[in-house]
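Note sheet for the following structure.
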Amino acid sequence: MLASRADHAGLGALAVAALCLVALGAGWFDGAVNALVVLVLIIVAAGVGALAALGGPQARRLLAPYGLMKPGLLWMALFFLAPVWSLLRISLSTKESRFSVQYDFGWAWENYSTAFSDFGAQFQRAFLYSAIATVLTILIGYPVAYVIAFRGGRFKNVLLGLVVIPFFTSYLIRTIAWSTILADQGPIVSVLRTFGLVGVFEFLQIMDNGKLLNTPAAVIGGLTYNFLPFMLLPIYVSLEKIDPSLVRAANDLYSTPTAAFRKVVLPLSVPGVFAGTLLTFIPAAGDFVNAQFLGNPNTTMIGNSIQDQFLRQNNYPVAAAMSTVLMASITALVLLYTRFFGTDDIA
Amino acid sequence: MSTLRSKIARNGLNVFAGLGLVYLFMPIFFIVLFSFNSPRGNFNIVWQGFTLDNWLNPFSESSLTAALWTSLRISAIATLISTVLGSMIAIALSRSPFVGSSAINLLLVLPLTTPEIVLGSSLATLFLGQTFVDFGTITIVIAHVMFQVSFVALTVRARIRGFDWTLEQAAADLGASPWRTFRLVTFPLILPGVLAAALLAFALSIDDFIITFFNAGSTVTFPLQIYGAARVRIPPQINVLASIVLFASIAILVFGTLRGRKAPNVSRRRPAGLRRVPLRRRPMSS
């Protein structure tokens, strides 16, 4: 009887083992109880082993997927789920001084009010900049993906390779290269100066005081560049799946090219844009590299603040509170977004 | 008239796509170009003159070279672990439906929908509160495996979608042990997908900056070295090493495409020994 329900036993054992590891990793209990948790872990492992050994081939077949997944999922439980717990815990803790490593848990909600009052502007900029960058990656990525998917012909793979190749160089080196390009003595500013376009760019708020580097526009530009492939590739995948005969059918039925695009191609490529938006917006909102190398002290994003508070001020509680708020607000945005534009295949 | 208009629209789009590619390559062009620069100050920003010195001495910056080796070592270990763990998850997920698979799918997607800075800082809070392991190589490997496992599992799962699992049953029916079945049937067939996932995982690991930054302690990986150097001194050797990595990746990509063209689709490949075994009952033609 137990053998036929071995899959439930396997899932239960996996869940209990994951819970035990989270408890151990996040420090839910003290010494003596921890020993008990380890004991539970051993009993569960022994139980599943016994079931596999004695339950016969059917039990083994039902248990197999859980056995295969166990190492990977337990790794994630210990180093992904447990950290989220300890992050929440530290965000409600207090620390005696900058130099002590100890922190004491005590429902210290003031960390959250500090996070909002001192770093509200950084939160706003993080979401604003990454939203603008996401829109820009759609505007640039969609046409490029469209041309490669529908007009690439036999050069499709070569063109796709060309899109990916720039991202084989290090992220930091690429960003530093942009700071060279946008610098005051760099090529773009000198071209703009020769053509007298500096005024126009200043009017458009892209340039500031004749500078291109260290402006909000440079930060947004860096984010756009660095996350462009995360938008372009999912859009390409969804465009590539579209059967070209659908477009031909639309044309045969006297649809204009614009209408064919709007009514056939665009709706079918929505899943790609959806996946691309998540893959672009989420990392961009937490990024601090672009703001650091391409921005100025007034363009810092929440990532810069978390990094600074955590690693330089050793102010773990406030940094953890900011991380928690960032995680929570992104989760909320993703859930909202999924409700409105939801598709099943994010992964 | 409308043909002229659509022609302009058509070419306009192609030109836009071409400009898009130029935009993508702009910083790359500068990285390669400035690897030939002979800068006077500490920063390799202004073009001073052409030299081959940097390319002749790519490893003359010892701290940079050491950081590169550290990175390669960490990424190799992390990729090995995560490829094994992630592929096992992918095999379990795609072999047969089982109770709880949707929850596990969700758990796999979660790290991808969490900003890196949250992953990095939360993992650091876990290490802060314990005495088992100091920040360093081990914590970096742990962190990298943590985010790589999801990528490997999802990539391998996508690549082996449509894999004919009845082949395993056929091997078992013919008396092969589970391990022998895996070694001779399953593994050769899923290998291309596993290798693709391993390459992706390695690329993600060696270029990771944000998560590593929080969990590195005093260990310096290549990205961390560049970050530290960027404030004080940017030697042109950085550009040389970046260009070498770039050209090596292009070579791998070209090699992969040329080989991939010869290899047929994974799902249609059958191991030689099993080719003639009738695996599914065909409907009788009447």
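Residue numbers start at 1 in each chain; chains themselves are named A, B, ... in the order of the structure tokens; ligands are numbered from 1 in the order shown.
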
Test item: residues at most 12 Å from Tyr129 in chain A, only C-alpha atoms, excluding those fewer than 4 positions along its chain, as number ranges by chain: A: 121-125, 133-136, 215-224, 280-288, 290-291, 295, 299-302

Go through chain A residue by residue and, counting only C-alpha atoms, keep those with an atom at most 6 Å from chain B; for each kept residue give the shortest atom pair and its distance in Å to one decimal, ordered by chain and increasing number, as JSON lines.
{"residue": "A:Pro65", "atom": "CA", "partner": "B:Ala92", "partner_atom": "CA", "distance": 4.5}
{"residue": "A:Leu68", "atom": "CA", "partner": "B:Met88", "partner_atom": "CA", "distance": 5.2}
{"residue": "A:Met69", "atom": "CA", "partner": "B:Ile89", "partner_atom": "CA", "distance": 4.5}
{"residue": "A:Gly72", "atom": "CA", "partner": "B:Leu85", "partner_atom": "CA", "distance": 4.8}
{"residue": "A:Met76", "atom": "CA", "partner": "B:Met146", "partner_atom": "CA", "distance": 5.9}
{"residue": "A:Pro83", "atom": "CA", "partner": "B:Ser122", "partner_atom": "CA", "distance": 4.9}
{"residue": "A:Val84", "atom": "CA", "partner": "B:Ser122", "partner_atom": "CA", "distance": 5.7}
{"residue": "A:Ser86", "atom": "CA", "partner": "B:Leu126", "partner_atom": "CA", "distance": 5.9}
{"residue": "A:Leu87", "atom": "CA", "partner": "B:Ser122", "partner_atom": "CA", "distance": 5.1}
{"residue": "A:Val144", "atom": "CA", "partner": "B:Ala17", "partner_atom": "CA", "distance": 4.5}
{"residue": "A:Phe168", "atom": "CA", "partner": "B:Leu246", "partner_atom": "CA", "distance": 5.7}
{"residue": "A:Thr169", "atom": "CA", "partner": "B:Leu246", "partner_atom": "CA", "distance": 5.6}
{"residue": "A:Ser170", "atom": "CA", "partner": "B:Asp207", "partner_atom": "CA", "distance": 5.7}
{"residue": "A:Ala177", "atom": "CA", "partner": "B:Pro27", "partner_atom": "CA", "distance": 5.4}
{"residue": "A:Trp178", "atom": "CA", "partner": "B:Pro27", "partner_atom": "CA", "distance": 6.0}
{"residue": "A:Thr180", "atom": "CA", "partner": "B:Ile45", "partner_atom": "CA", "distance": 5.7}
{"residue": "A:Ile282", "atom": "CA", "partner": "B:Pro115", "partner_atom": "CA", "distance": 5.7}
{"residue": "A:Pro283", "atom": "CA", "partner": "B:Pro115", "partner_atom": "CA", "distance": 5.0}
{"residue": "A:Gly286", "atom": "CA", "partner": "B:Pro115", "partner_atom": "CA", "distance": 5.3}
{"residue": "A:Ser323", "atom": "CA", "partner": "B:Val118", "partner_atom": "CA", "distance": 5.5}

Close residues, Ala197 in chain B itself excluded, 7 Å, only C-alpha atoms, min 2 positions apart in chain, as a list in words: Val152, Thr155, Val156, Gly193, Val194, Leu195, Leu199, Leu200 and Ala201 of chain B

Residues from the last selection, N, CA and C atoms, saved as a CSV table (one decimal), in the first residue's frame:
chain,number,residue,atom,x,y,z
B,152,VAL,N,20.5,26.0,-15.4
B,152,VAL,CA,20.8,24.7,-16.0
B,152,VAL,C,19.5,23.9,-16.1
B,155,THR,N,17.3,25.3,-18.9
B,155,THR,CA,17.8,25.1,-20.2
B,155,THR,C,17.8,23.6,-20.7
B,156,VAL,N,18.2,22.8,-19.8
B,156,VAL,CA,18.3,21.3,-20.2
B,156,VAL,C,16.8,20.9,-20.4
B,193,GLY,N,22.3,19.1,-24.9
B,193,GLY,CA,21.6,20.0,-24.1
B,193,GLY,C,22.3,20.3,-22.8
B,194,VAL,N,22.9,19.3,-22.2
B,194,VAL,CA,23.6,19.5,-21.0
B,194,VAL,C,24.9,20.4,-21.2
B,195,LEU,N,25.5,20.2,-22.4
B,195,LEU,CA,26.7,21.0,-22.7
B,195,LEU,C,26.3,22.4,-22.9
B,199,LEU,N,27.7,25.6,-20.7
B,199,LEU,CA,28.3,26.8,-21.3
B,199,LEU,C,27.7,28.0,-20.8
B,200,LEU,N,26.3,28.0,-20.8
B,200,LEU,CA,25.6,29.2,-20.3
B,200,LEU,C,25.9,29.5,-18.9
B,201,ALA,N,25.9,28.4,-18.1
B,201,ALA,CA,26.2,28.5,-16.6
B,201,ALA,C,27.6,29.1,-16.4

Expected answer as a VMD selection string: alpha helix (DSSP H) residues in range 12-196 of chain A: chain A and resid 12 to 26 31 to 54 56 to 76 82 to 91 110 to 151 156 to 164 171 to 182 187 to 194

Atomic separation - CA of Asp184 in chain A relative to CA of Leu213 in chain A, Å: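 One can read the CA of Leu213 in chain A to CA of Asp184 in chain A distance as 7.1 Å.
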
Those of range 35-133 of chain A in DSSP strand (DSSP E or B), formatted as a list in words: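 Of range 35-133 of chain A, the ones in strand (DSSP E or B) are Ser93, Thr94, Asp104 and Phe105 of chain A.
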
Write out, as a short mmCIF file (atom, residue, chain, number, x, y, z; two decimals), in the first residue's frame, the residues just selected, with C-alpha atoms.
data_model
loop_
_atom_site.label_atom_id
_atom_site.label_comp_id
_atom_site.auth_asym_id
_atom_site.auth_seq_id
_atom_site.Cartn_x
_atom_site.Cartn_y
_atom_site.Cartn_z
CA SER A 93 17.16 43.62 13.97
CA THR A 94 19.26 46.31 15.59
CA ASP A 104 19.89 41.50 17.84
CA PHE A 105 16.44 40.63 16.59
#

Atomic separation - CA of Ala172 in chain B relative to CA of Gly56 in chain A, Å: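 Computing it gives 15.3 Å between the two atoms.
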
Å distance separating CA of Val189 in chain A from CA of Asn37 in chain B, one decimal place: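 For CA of Val189 in chain A relative to CA of Asn37 in chain B, the distance reads 20.5 Å.
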
Residues near range 244-260 of chain A, cut-off 12 Å, only C-alpha atoms, skip fewer than 4 positions along chain, as a VMD selection string: (chain A and resid 149 to 151 239 to 240 264 to 268) or (chain B and resid 2 to 3 5 to 7 9 to 10)

Which of A:Leu73, A:Val16, A:Val270, A:Ala26 sits closest to Val40 in chain A [using only C-alpha atoms]: A:Val16
